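Novice: Have a look at the structure that comes next, please.
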Amino acid sequence: AYNMLTGIRFVVSRVNAKMDRPLTDADFTAKNKFSFDMLAENPRWVVDTMLTSDSTGNELTPSAKYDFKFKDYSPWVFRHLRRIFGLDPADYLMSLTSKYILSELGSPGKSGSFFYFSRDYKYIIKTIHRGEHKYLRKVLKIYHSHVSENPNTLISQFYGLHRVKTPFGRKIYFVVMNNLFPPHRDIHQTFDLKGSTIGRDYHEEDLAANPRATLKDLNWLRRNMHLELGPTKKQMFLEQLEKDVECLKKLGVMDYSLLLGIHDLNRGNKDDIRNSALKVFQPGIEHPSDASTSADGHPLVRTPSKLESARKARELRKIINKEVPVTLDQTANRLPEEAPMFKEAVFYRDDGGFRATHENDEPGDVVYYLGIIDCLTHYGMVKKVEHFWKGLKKPKDKISAIPPEGYGDRFLNFIRGVVKSPEEAAREKEQRERE
Ligand code: ATP
Ligand code: CA
Ligand code: CA
């Protein structure tokens, strides 16, 4: 995690130190490699193409002389994306480096991806598979143009795509993205909705032990819930969702879901505010930033020892101060035309979320935190195989792995149901019966 942050810090400062310019086609395929030699007296970096010697003219033998290598993909494209999403460059760097230790959360999903939070919980780093990484690069242009035309998109906001490589040659790809859930609000209920009903059930019996578990499609249906948005917000939401699903079909991906967190204003924040975001991920962790083991003794959050932290902090300061030709103050003094282009997306404007609204457009009692996550699964070989095997036993249109067109339609259909008010549902039913 430390290497990830050091790398991000370095490459983001580097690209943001330059004068802004329009994107070119080459920006979408660009990649830069850096080697970080953190153990030397003066930590230094070298651009890989110049790896034969460092600034003092010493020979650098890569395998012996570096701590880790860092690869940065399409830095200019992500710089522009961050701006479209309204991120302030200085804030972004601060979030990812102030107190630089991230909370590591293991892998909540089945995919084996690891999740890390920035210290302020604004950002999530998710490790991704090589295939997902390759796919994101391939479709980056489509993603970028969708986001440019739809700054209010509900699709995950990607802020960076990078890779770290250990001296042993292990390559870890990761993305930086928005944390949909707020650091300062308890999330009382969480749903991960795909529109598929097979296997989409969290065992209700386990809920007592895990009250904050992420529930799924069948749990939603069983509770007979709906998103209360009122006519105006509902239309806004559905219009954006339709555009987003259209884009996801074009990207050829499936298996994504609508992540929905509900904060009940009447219940407020009863729990430790700082940890609310974590509890959604790993129900049952009470003090994740202090504890290093869970009740069953498994390490959950790796917190470096004080000594180790101090050493890392010193090194990081050296890198930031000496090697990177930009400081936070300089980024803060950025040119006026670089000021965020858009305000926060409409769906994240009410205290980081989207407030419920009654049918009469009066404000409701809950705030929804929502977005479309896990959007990098290409309907490739793996999913085709899964579809084949599962399809032998189960109806083919109900299992989760179906081609992007069908997946998108089914998803959209399900979410249309999710926002339908009971009155509307009753009206439709009546009409069907009349017909
Ligand atoms: P799988 O492929 O098995 O579904 P995955 O490893 O790809 O899992 P995701 O589906 O991306 O993981 O996410 C797993 C869980 O992590 C989600 O259900 C949600 O609780 C949490 N999560 C993921 N992305 C975000 C986000 N942007 N903001 C808040 N929580 C998130
Ligand atoms: Ca998922
Ligand atoms: Ca996944």
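Scheme for the structure tokens: letters A, B, ... for chains in order shown; per-chain residue numbers from 1; ligand numbers from 1 in order shown.
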Pull the closest atom pair for each residue of chain A that gets at most 10 Å from ligand 2, along with the distance in Å to one decimal, counting only C-alpha atoms and all ligand atoms, ordering rows by chain and then ascending residue number, as a tab-separated table.
Specialist:
residue	atom	partner	partner_atom_place_in_ligand_line	distance
A:Pro108	CA	ligand 2	1 (Ca)	9.2
A:Gly109	CA	ligand 2	1 (Ca)	6.3
A:Lys110	CA	ligand 2	1 (Ca)	7.8
A:Ser111	CA	ligand 2	1 (Ca)	8.0
A:Asp192	CA	ligand 2	1 (Ca)	7.8
A:Leu193	CA	ligand 2	1 (Ca)	9.2
A:Lys194	CA	ligand 2	1 (Ca)	8.7
A:Met254	CA	ligand 2	1 (Ca)	9.9
A:Asp255	CA	ligand 2	1 (Ca)	6.6
A:Tyr256	CA	ligand 2	1 (Ca)	5.9
A:Ser257	CA	ligand 2	1 (Ca)	6.3
A:Leu258	CA	ligand 2	1 (Ca)	9.2
A:Leu259	CA	ligand 2	1 (Ca)	9.1
A:Ile372	CA	ligand 2	1 (Ca)	9.8
A:Ile373	CA	ligand 2	1 (Ca)	7.0
A:Asp374	CA	ligand 2	1 (Ca)	5.1
A:Cys375	CA	ligand 2	1 (Ca)	8.3
A:Leu376	CA	ligand 2	1 (Ca)	9.8
A:Thr377	CA	ligand 2	1 (Ca)	9.3
Novice: Env of Lys126 of chain A: 9 Å cut, atoms = only C-alpha atoms, seq-sep filter 3 positions within chain, self excluded. Answer as a list in words.
Specialist: Ser113, Phe114, Phe115, Tyr116, Phe117, Tyr173, Phe174, Val175, Val176 and Met177 of chain A
Novice: Here is a test: counting only C-alpha atoms and all ligand atoms, which residue of A:Tyr379, A:Lys122, A:His263, A:Leu23 is nearest to ligand 3?
Specialist: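 Nearest candidate to ligand 3 out of A:Tyr379, A:Lys122, A:His263, A:Leu23: A:Tyr379.
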Novice: Separation of atom CA of Arg170 of chain A and atom CA of Val12 of chain A, in Å?
Specialist: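 Separation of atom CA of Arg170 of chain A and atom CA of Val12 of chain A: 22.9 Å.
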Novice: Counting only C-alpha atoms, which residue out of A:Phe78, A:Tyr368, A:Tyr202, A:Phe347 sits closest to Arg137 of chain A?
Specialist: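 The closest residue to Arg137 of chain A is A:Phe78.
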Novice: Enter the distance from atom CA of Arg355 of chain A to atom CA of Met236 of chain A, in Å, rounded to one decimal.
Specialist: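 That distance, rounded to one decimal, is 13.0 Å.
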Novice: Rounded to one decimal, what separation in Å do you get between atom CA of Glu424 of chain A and atom CA of Thr232 of chain A?
Specialist: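 Calculated distance between atom CA of Glu424 of chain A and atom CA of Thr232 of chain A is 14.6 Å.
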Novice: Between A:Asp244, A:Glu433, A:Asp72, A:Asp201, which has the minimum distance to Leu161 of chain A (counting only C-alpha atoms)?
Specialist: A:Asp72
Novice: Among segment 75-263 of chain A, which ones does DSSP place in alpha helix (DSSP H), written as an MDAnalysis selection string?
Specialist: chainID A and resid 75:84 89:97 130:149 217:223 230:251
Novice: I'd like to know which of A:Ile128, A:Ile8, A:Leu154, A:Ala1 is closest to ligand 3, using only C-alpha atoms and all ligand atoms.
Specialist: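 Closest candidate: A:Ile128.
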Novice: Contacts of Arg222 of chain A at 12 Å or less, counting only C-alpha atoms, minus same-chain residues fewer than 2 places along, as a VMD selection string?
Specialist: chain A and resid 197 200 to 204 215 to 220 224 to 226
